[in-house]
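Q: One structure, as structure tokens, below. Some questions next.
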Amino acid sequence: MTTVLLEKKGHIAVATVNRPKALNALNSQVLEDLNEMMDQVCADPEIYALVLTGSGEKSFVAGADIGEMSTLTKMEGEAFGKKGNDVFRRLETLPIPTVAAVNGFALGGGCELCMSCDIRICSDTAVFGQPEVGLGITPGFGGTQRLARLVSPGMAKQLIYTAKNIKADEALRIGLVNAVYPLEELMPAAEKLAETIAKNAPIAVRACKEAINQGLQVDMDQAIVIEEKLFGSCFETADQKEGMSAFLEKRKHEPYQNK
Ligand code: CAA
């Protein structure tokens, strides 16, 4: 991988989109490297949570690569959208929890990338937006769908139709991010959050992710059944036995084993 760095820190991993000269814009190579990064993360059973950020102090990801897109035909445009959507959908449904640490511009494909993570926190320098209609296109890596689901449909439509960017405080106000930190405190906060998650029983955390993600796609009667099945799947695991025994024996549980 040349455009995505992956660092393992105990039971968490930090992936960094690394194309700083282009403000980490997403060209085909970055999309392929994000896929490769996810292959590596999924192949390592010791990684319980993933943090995703951008290289440098200015940008998380400034969007899909406008140079690469500028000459595409209709068919090539659709194929490029599919390429990005496949990668982002894979990220959204990655078995382990994901935290986006948005350290600057999160525009177009960058906003869409962070919306494909489970949790978003950002620096006070972060800027979010879907500027695509100003370039003559629609958001193409899930922005029309995920923004409307994450904030209200009316707010998503306003952001997308106007192509106006918003700052971190507004992103917090509309619920696009969960917290805002000074830039130098962002990565420590993101890693601490991921480590806190990673200390809980990994099988249970993954089941929660699956239950929430799948349940949101169906009606409540079906959603509750999804939860029941995933709730049941946690029983008889070593971590469930240890977690409950520790409580009953009034002791701290041993580190969870992901078993
Ligand atoms: N694609 C390609 N290159 C990009 C880029 C992008 N999305 N964003 C920035 N760059 C490049 C610039 O071309 C520039 O390269 P050069 O030094 O070779 O000229 C370099 O990154 C630095 O950028 P700027 O000089 O423009 O930096 P700035 O601080 O003046 O402005 C910015 C920063 C406001 C983010 C500005 O770069 C910008 O507006 N970028 C484009 C943002 C955008 O429109 N993103 C959406 C793309 S469309 C999309 O993402 C579709 C989709 O949904 C899939």
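Starting from 1 in every chain, residues are counted up; chains themselves are A, B, ... following the order of the structure tokens, and ligands are numbered from 1 as listed.
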Ligand 1: which residues are within 6 Å, counting only C-alpha atoms and all ligand atoms, as JSON, numbers by chain?
A: {"A": [21, 22, 23, 25, 62, 63, 64, 65, 66, 67, 105, 107, 108, 109, 131, 132, 139, 140, 141]}
Q: Which parts of segment 48-250 of chain A does DSSP call strand (DSSP E) when run on the backbone here, written out as a PDB file with N, CA, C and O atoms, in the first residue's frame?
A:
ATOM      1  N   ALA A  49     -10.576  -2.798  16.939  1.00  0.00           N
ATOM      2  CA  ALA A  49     -11.208  -1.529  16.534  1.00  0.00           C
ATOM      3  C   ALA A  49     -10.253  -0.786  15.605  1.00  0.00           C
ATOM      4  O   ALA A  49      -9.033  -0.958  15.698  1.00  0.00           O
ATOM      5  N   LEU A  50     -10.830   0.032  14.723  1.00  0.00           N
ATOM      6  CA  LEU A  50     -10.038   0.740  13.717  1.00  0.00           C
ATOM      7  C   LEU A  50     -10.319   2.241  13.798  1.00  0.00           C
ATOM      8  O   LEU A  50     -11.473   2.661  13.872  1.00  0.00           O
ATOM      9  N   VAL A  51      -9.232   3.025  13.775  1.00  0.00           N
ATOM     10  CA  VAL A  51      -9.340   4.484  13.658  1.00  0.00           C
ATOM     11  C   VAL A  51      -8.915   4.855  12.241  1.00  0.00           C
ATOM     12  O   VAL A  51      -7.917   4.332  11.740  1.00  0.00           O
ATOM     13  N   LEU A  52      -9.664   5.753  11.614  1.00  0.00           N
ATOM     14  CA  LEU A  52      -9.326   6.191  10.254  1.00  0.00           C
ATOM     15  C   LEU A  52      -9.110   7.702  10.266  1.00  0.00           C
ATOM     16  O   LEU A  52      -9.959   8.445  10.787  1.00  0.00           O
ATOM     17  N   THR A  53      -7.982   8.146   9.704  1.00  0.00           N
ATOM     18  CA  THR A  53      -7.707   9.580   9.671  1.00  0.00           C
ATOM     19  C   THR A  53      -6.990   9.937   8.379  1.00  0.00           C
ATOM     20  O   THR A  53      -6.809   9.084   7.500  1.00  0.00           O
ATOM     21  N   GLY A  54      -6.579  11.222   8.252  1.00  0.00           N
ATOM     22  CA  GLY A  54      -5.871  11.670   7.059  1.00  0.00           C
ATOM     23  C   GLY A  54      -4.499  12.208   7.412  1.00  0.00           C
ATOM     24  O   GLY A  54      -4.276  12.703   8.521  1.00  0.00           O
ATOM     25  N   SER A  59      -6.020  18.251   6.173  1.00  0.00           N
ATOM     26  CA  SER A  59      -7.126  17.574   5.504  1.00  0.00           C
ATOM     27  C   SER A  59      -7.305  16.141   5.999  1.00  0.00           C
ATOM     28  O   SER A  59      -6.323  15.403   6.167  1.00  0.00           O
ATOM     29  N   PHE A  60      -8.563  15.783   6.199  1.00  0.00           N
ATOM     30  CA  PHE A  60      -8.914  14.362   6.360  1.00  0.00           C
ATOM     31  C   PHE A  60      -8.871  13.771   4.943  1.00  0.00           C
ATOM     32  O   PHE A  60      -7.905  13.119   4.582  1.00  0.00           O
ATOM     33  N   VAL A  61      -9.854  14.104   4.143  1.00  0.00           N
ATOM     34  CA  VAL A  61      -9.871  13.739   2.716  1.00  0.00           C
ATOM     35  C   VAL A  61     -10.665  14.825   1.989  1.00  0.00           C
ATOM     36  O   VAL A  61     -11.812  15.098   2.352  1.00  0.00           O
ATOM     37  N   THR A  98     -15.471   1.131  13.878  1.00  0.00           N
ATOM     38  CA  THR A  98     -14.571   2.080  13.228  1.00  0.00           C
ATOM     39  C   THR A  98     -14.843   3.493  13.750  1.00  0.00           C
ATOM     40  O   THR A  98     -15.997   3.875  13.959  1.00  0.00           O
ATOM     41  N   VAL A  99     -13.767   4.249  13.942  1.00  0.00           N
ATOM     42  CA  VAL A  99     -13.867   5.642  14.416  1.00  0.00           C
ATOM     43  C   VAL A  99     -13.163   6.523  13.387  1.00  0.00           C
ATOM     44  O   VAL A  99     -11.973   6.327  13.119  1.00  0.00           O
ATOM     45  N   ALA A 100     -13.873   7.496  12.829  1.00  0.00           N
ATOM     46  CA  ALA A 100     -13.221   8.465  11.945  1.00  0.00           C
ATOM     47  C   ALA A 100     -12.724   9.625  12.789  1.00  0.00           C
ATOM     48  O   ALA A 100     -13.505  10.223  13.542  1.00  0.00           O
ATOM     49  N   ALA A 101     -11.427   9.914  12.673  1.00  0.00           N
ATOM     50  CA  ALA A 101     -10.839  11.073  13.339  1.00  0.00           C
ATOM     51  C   ALA A 101     -10.627  12.117  12.255  1.00  0.00           C
ATOM     52  O   ALA A 101      -9.635  12.083  11.515  1.00  0.00           O
ATOM     53  N   VAL A 102     -11.563  13.033  12.125  1.00  0.00           N
ATOM     54  CA  VAL A 102     -11.586  13.971  10.993  1.00  0.00           C
ATOM     55  C   VAL A 102     -10.728  15.188  11.349  1.00  0.00           C
ATOM     56  O   VAL A 102     -11.117  16.030  12.149  1.00  0.00           O
ATOM     57  N   PHE A 105     -10.226  19.047   6.272  1.00  0.00           N
ATOM     58  CA  PHE A 105     -11.262  18.988   5.235  1.00  0.00           C
ATOM     59  C   PHE A 105     -11.853  17.577   5.113  1.00  0.00           C
ATOM     60  O   PHE A 105     -11.116  16.594   4.980  1.00  0.00           O
ATOM     61  N   ALA A 106     -13.160  17.509   5.158  1.00  0.00           N
ATOM     62  CA  ALA A 106     -13.883  16.258   4.868  1.00  0.00           C
ATOM     63  C   ALA A 106     -14.955  16.642   3.863  1.00  0.00           C
ATOM     64  O   ALA A 106     -16.119  16.870   4.212  1.00  0.00           O
ATOM     65  N   LEU A 107     -14.535  16.767   2.618  1.00  0.00           N
ATOM     66  CA  LEU A 107     -15.410  17.286   1.568  1.00  0.00           C
ATOM     67  C   LEU A 107     -15.737  16.187   0.558  1.00  0.00           C
ATOM     68  O   LEU A 107     -14.879  15.341   0.259  1.00  0.00           O
ATOM     69  N   ILE A 119     -18.437   5.864  14.047  1.00  0.00           N
ATOM     70  CA  ILE A 119     -18.397   7.015  14.949  1.00  0.00           C
ATOM     71  C   ILE A 119     -17.504   8.070  14.310  1.00  0.00           C
ATOM     72  O   ILE A 119     -16.459   7.732  13.756  1.00  0.00           O
ATOM     73  N   ARG A 120     -17.912   9.339  14.404  1.00  0.00           N
ATOM     74  CA  ARG A 120     -17.097  10.450  13.896  1.00  0.00           C
ATOM     75  C   ARG A 120     -16.779  11.415  15.020  1.00  0.00           C
ATOM     76  O   ARG A 120     -17.699  11.867  15.725  1.00  0.00           O
ATOM     77  N   ILE A 121     -15.478  11.718  15.187  1.00  0.00           N
ATOM     78  CA  ILE A 121     -15.081  12.847  16.017  1.00  0.00           C
ATOM     79  C   ILE A 121     -14.174  13.703  15.141  1.00  0.00           C
ATOM     80  O   ILE A 121     -13.640  13.211  14.134  1.00  0.00           O
ATOM     81  N   CYS A 122     -14.012  14.984  15.503  1.00  0.00           N
ATOM     82  CA  CYS A 122     -13.236  15.839  14.603  1.00  0.00           C
ATOM     83  C   CYS A 122     -12.438  16.884  15.366  1.00  0.00           C
ATOM     84  O   CYS A 122     -12.660  17.108  16.553  1.00  0.00           O
ATOM     85  N   SER A 123     -11.513  17.512  14.660  1.00  0.00           N
ATOM     86  CA  SER A 123     -10.753  18.636  15.200  1.00  0.00           C
ATOM     87  C   SER A 123     -11.580  19.912  15.041  1.00  0.00           C
ATOM     88  O   SER A 123     -12.499  19.962  14.208  1.00  0.00           O
ATOM     89  N   VAL A 127     -13.684  20.801   8.433  1.00  0.00           N
ATOM     90  CA  VAL A 127     -14.690  21.412   7.549  1.00  0.00           C
ATOM     91  C   VAL A 127     -15.374  20.273   6.792  1.00  0.00           C
ATOM     92  O   VAL A 127     -14.695  19.418   6.213  1.00  0.00           O
ATOM     93  N   PHE A 128     -16.700  20.275   6.840  1.00  0.00           N
ATOM     94  CA  PHE A 128     -17.478  19.216   6.191  1.00  0.00           C
ATOM     95  C   PHE A 128     -18.319  19.813   5.065  1.00  0.00           C
ATOM     96  O   PHE A 128     -18.768  20.954   5.165  1.00  0.00           O
ATOM     97  N   GLY A 129     -18.565  19.026   4.043  1.00  0.00           N
ATOM     98  CA  GLY A 129     -19.459  19.502   2.994  1.00  0.00           C
ATOM     99  C   GLY A 129     -19.552  18.517   1.853  1.00  0.00           C
ATOM    100  O   GLY A 129     -18.731  17.602   1.719  1.00  0.00           O
ATOM    101  N   ILE A 166     -19.646  23.340   6.099  1.00  0.00           N
ATOM    102  CA  ILE A 166     -19.907  23.707   7.496  1.00  0.00           C
ATOM    103  C   ILE A 166     -18.674  23.411   8.341  1.00  0.00           C
ATOM    104  O   ILE A 166     -17.878  22.529   8.012  1.00  0.00           O
ATOM    105  N   LYS A 167     -18.554  24.168   9.431  1.00  0.00           N
ATOM    106  CA  LYS A 167     -17.414  23.978  10.329  1.00  0.00           C
ATOM    107  C   LYS A 167     -17.769  22.954  11.410  1.00  0.00           C
ATOM    108  O   LYS A 167     -18.915  22.525  11.543  1.00  0.00           O
ATOM    109  N   ALA A 179     -18.125  14.609  18.770  1.00  0.00           N
ATOM    110  CA  ALA A 179     -17.325  15.470  19.643  1.00  0.00           C
ATOM    111  C   ALA A 179     -16.298  16.217  18.811  1.00  0.00           C
ATOM    112  O   ALA A 179     -15.898  15.749  17.734  1.00  0.00           O
ATOM    113  N   VAL A 180     -15.872  17.380  19.342  1.00  0.00           N
ATOM    114  CA  VAL A 180     -14.873  18.229  18.674  1.00  0.00           C
ATOM    115  C   VAL A 180     -13.718  18.452  19.650  1.00  0.00           C
ATOM    116  O   VAL A 180     -13.955  18.725  20.828  1.00  0.00           O
ATOM    117  N   TYR A 181     -12.487  18.318  19.141  1.00  0.00           N
ATOM    118  CA  TYR A 181     -11.283  18.474  19.971  1.00  0.00           C
ATOM    119  C   TYR A 181     -10.325  19.459  19.304  1.00  0.00           C
ATOM    120  O   TYR A 181     -10.298  19.567  18.072  1.00  0.00           O
TER     121      TYR A 181
END
Q: What is the distance, in Å and to one decimal place, between atom CA of Ala79 of chain A and atom CA of Asp33 of chain A?
A: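 Separation of atom CA of Ala79 of chain A and atom CA of Asp33 of chain A: 17.5 Å.
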Q: Using only C-alpha atoms, which of the listed residues (A:Pro153, A:Gly56, A:Gly84, A:Pro182) sits closest to Val30 of chain A?
A: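 The closest residue to Val30 of chain A is A:Gly84.
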Q: Report the residues of segment 159-250 of chain A whose backbone DSSP state falls under helix (DSSP H, G or I), written as number ranges by chain.
A: A: 159-162, 168-173, 183-199, 202-215, 220-234, 238-248
Q: Restricting the calculation to only C-alpha atoms: of A:Glu76, A:Asp39, A:Gly104, A:Glu191, which residue gets closest to Ser55 of chain A?
A: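 Smallest distance to Ser55 of chain A is found for A:Gly104.
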Q: Which residues come within 12 Å of Ile12 of chain A, counting only C-alpha atoms, excluding same-chain residues fewer than 3 positions away, as a compact mmCIF listing (two decimals) with N, CA, C and O atoms, in the first residue's frame?
A:
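selection01.txt, freshly written:
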# COMPACT_ATOMS: atom_id res chain seq x y z
N LEU A 6 -1.00 1.80 7.59
CA LEU A 6 -1.72 1.04 8.63
C LEU A 6 -0.76 0.75 9.77
O LEU A 6 0.31 0.18 9.58
N GLU A 7 -1.16 1.18 10.97
CA GLU A 7 -0.31 0.98 12.14
C GLU A 7 -1.14 0.25 13.20
O GLU A 7 -2.26 0.67 13.51
N LYS A 8 -0.54 -0.80 13.75
CA LYS A 8 -1.22 -1.55 14.80
C LYS A 8 -0.70 -1.07 16.15
O LYS A 8 0.51 -0.94 16.35
N LYS A 9 -1.62 -0.79 17.08
CA LYS A 9 -1.23 -0.34 18.42
C LYS A 9 -2.01 -1.17 19.43
O LYS A 9 -3.17 -0.85 19.72
N ALA A 15 -5.51 3.60 10.56
CA ALA A 15 -5.29 3.70 9.11
C ALA A 15 -5.30 5.17 8.73
O ALA A 15 -6.17 5.93 9.16
N VAL A 41 -6.73 -5.75 7.93
CA VAL A 41 -7.40 -5.62 9.24
C VAL A 41 -8.26 -6.87 9.50
O VAL A 41 -8.27 -7.41 10.62
N ASP A 44 -6.46 -10.05 10.67
CA ASP A 44 -5.76 -10.02 11.96
C ASP A 44 -6.78 -10.09 13.10
O ASP A 44 -7.43 -9.08 13.42
N PRO A 45 -6.90 -11.26 13.73
CA PRO A 45 -7.94 -11.40 14.77
C PRO A 45 -7.62 -10.62 16.04
O PRO A 45 -8.46 -10.51 16.93
N GLU A 46 -6.42 -10.05 16.12
CA GLU A 46 -6.05 -9.27 17.31
C GLU A 46 -6.51 -7.82 17.22
O GLU A 46 -6.40 -7.07 18.18
N ILE A 47 -6.96 -7.39 16.04
CA ILE A 47 -7.42 -6.00 15.90
C ILE A 47 -8.92 -5.94 16.23
O ILE A 47 -9.74 -6.55 15.54
N TYR A 48 -9.24 -5.17 17.27
CA TYR A 48 -10.63 -5.11 17.74
C TYR A 48 -11.34 -3.81 17.34
O TYR A 48 -12.56 -3.72 17.48
N ALA A 49 -10.58 -2.80 16.94
CA ALA A 49 -11.21 -1.53 16.53
C ALA A 49 -10.25 -0.79 15.60
O ALA A 49 -9.03 -0.96 15.70
N LEU A 50 -10.83 0.03 14.72
CA LEU A 50 -10.04 0.74 13.72
C LEU A 50 -10.32 2.24 13.80
O LEU A 50 -11.47 2.66 13.87
N VAL A 51 -9.23 3.03 13.78
CA VAL A 51 -9.34 4.48 13.66
C VAL A 51 -8.91 4.85 12.24
O VAL A 51 -7.92 4.33 11.74
N LEU A 52 -9.66 5.75 11.61
CA LEU A 52 -9.33 6.19 10.25
C LEU A 52 -9.11 7.70 10.27
O LEU A 52 -9.96 8.45 10.79
N ILE A 96 -15.47 -5.11 12.59
CA ILE A 96 -15.04 -4.40 13.80
C ILE A 96 -15.53 -2.94 13.78
O ILE A 96 -15.77 -2.39 12.72
N PRO A 97 -15.63 -2.33 14.98
CA PRO A 97 -16.05 -0.93 15.02
C PRO A 97 -14.99 0.01 14.46
O PRO A 97 -13.78 -0.26 14.57
N THR A 98 -15.47 1.13 13.88
CA THR A 98 -14.57 2.08 13.23
C THR A 98 -14.84 3.49 13.75
O THR A 98 -16.00 3.87 13.96
N VAL A 99 -13.77 4.25 13.94
CA VAL A 99 -13.87 5.64 14.42
C VAL A 99 -13.16 6.52 13.39
O VAL A 99 -11.97 6.33 13.12
N ALA A 190 -9.19 9.89 19.76
CA ALA A 190 -9.71 8.82 18.90
C ALA A 190 -9.15 7.47 19.34
O ALA A 190 -9.87 6.46 19.39
N GLU A 191 -7.87 7.45 19.66
CA GLU A 191 -7.25 6.18 20.08
C GLU A 191 -7.82 5.73 21.43
O GLU A 191 -8.07 4.54 21.64
N LYS A 192 -8.03 6.70 22.33
CA LYS A 192 -8.59 6.34 23.64
C LYS A 192 -10.01 5.77 23.47
O LYS A 192 -10.37 4.77 24.11
N LEU A 193 -10.78 6.38 22.58
CA LEU A 193 -12.14 5.89 22.33
C LEU A 193 -12.08 4.46 21.76
O LEU A 193 -12.81 3.56 22.20
N ALA A 194 -11.20 4.25 20.78
CA ALA A 194 -11.08 2.91 20.18
C ALA A 194 -10.59 1.90 21.22
O ALA A 194 -11.06 0.75 21.25
N GLU A 195 -9.66 2.32 22.08
CA GLU A 195 -9.16 1.40 23.12
C GLU A 195 -10.25 1.06 24.13
O GLU A 195 -10.35 -0.08 24.60
N THR A 196 -11.07 2.05 24.46
CA THR A 196 -12.18 1.79 25.39
C THR A 196 -13.12 0.74 24.79
O THR A 196 -13.55 -0.20 25.47
N ILE A 197 -13.41 0.89 23.52
CA ILE A 197 -14.28 -0.08 22.84
C ILE A 197 -13.59 -1.45 22.82
O ILE A 197 -14.21 -2.48 23.10
N ALA A 198 -12.28 -1.43 22.52
CA ALA A 198 -11.54 -2.70 22.35
C ALA A 198 -11.40 -3.47 23.66
O ALA A 198 -11.12 -4.67 23.64
N LYS A 199 -11.62 -2.80 24.78
CA LYS A 199 -11.54 -3.51 26.08
C LYS A 199 -12.80 -4.33 26.34
O LYS A 199 -12.80 -5.22 27.18
N PRO A 202 -15.05 -8.44 22.31
CA PRO A 202 -15.10 -8.13 20.87
C PRO A 202 -16.27 -8.79 20.14
O PRO A 202 -16.86 -8.16 19.25
Q: For segment 239-243 of chain A, list every protein, DNA or RNA residue within 9 Å, evaluated using only C-alpha atoms, and leave out those in the same chain fewer than 3 positions away; present the list as a list in words.
A: Ala201, Pro202, Ile203, Ala204, Cys234, Phe235, Glu236, Ala246, Phe247, Leu248, Lys252, His253, Glu254, Pro255, Tyr256, Gln257, Asn258 and Lys259 of chain A
Q: For atom CA of Leu147 of chain A and atom CA of Met115 of chain A, determine how far apart the two atoms are, in Å to one decimal place.
A: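 Pair atom CA of Leu147 of chain A / atom CA of Met115 of chain A returns 7.3 Å.
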Q: Between atom CA of Lys209 of chain A and atom CA of Leu159 of chain A, what is the distance in Å, rounded to a tenth?
A: 27.5 Å
Q: Looking at only C-alpha atoms, which of A:Val151, A:Leu91, A:Val133, A:Met75 is the one that sits closest to Cys117 of chain A?
A: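 Answer, going by the shortest atom-to-atom distance: A:Leu91.
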Q: Set the distance at 9 Å and use only C-alpha atoms: which residues neighbour segment 231-233 of chain A once local chain neighbours fewer than 4 positions away are removed? I'd like the list as an MDAnalysis selection string.
A: chainID A and resid 203:204 207:208 211 226:227 237
Q: Determine the nearest neighbour of Glu210 of chain A from the options A:Glu249, A:Glu185, A:Asp169, A:Leu94, counting only C-alpha atoms.
A: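 Using only C-alpha atoms, the shortest distance to Glu210 of chain A belongs to A:Leu94.
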Q: For each of A:Leu176, A:Met37, A:Val14, A:Ile137, take the minimum atom-to-atom distance to Met1 of chain A, counting only C-alpha atoms, then give the residue where this is smallest.
A: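 Comparing A:Leu176, A:Met37, A:Val14, A:Ile137 against Met1 of chain A, the winner is A:Met37.
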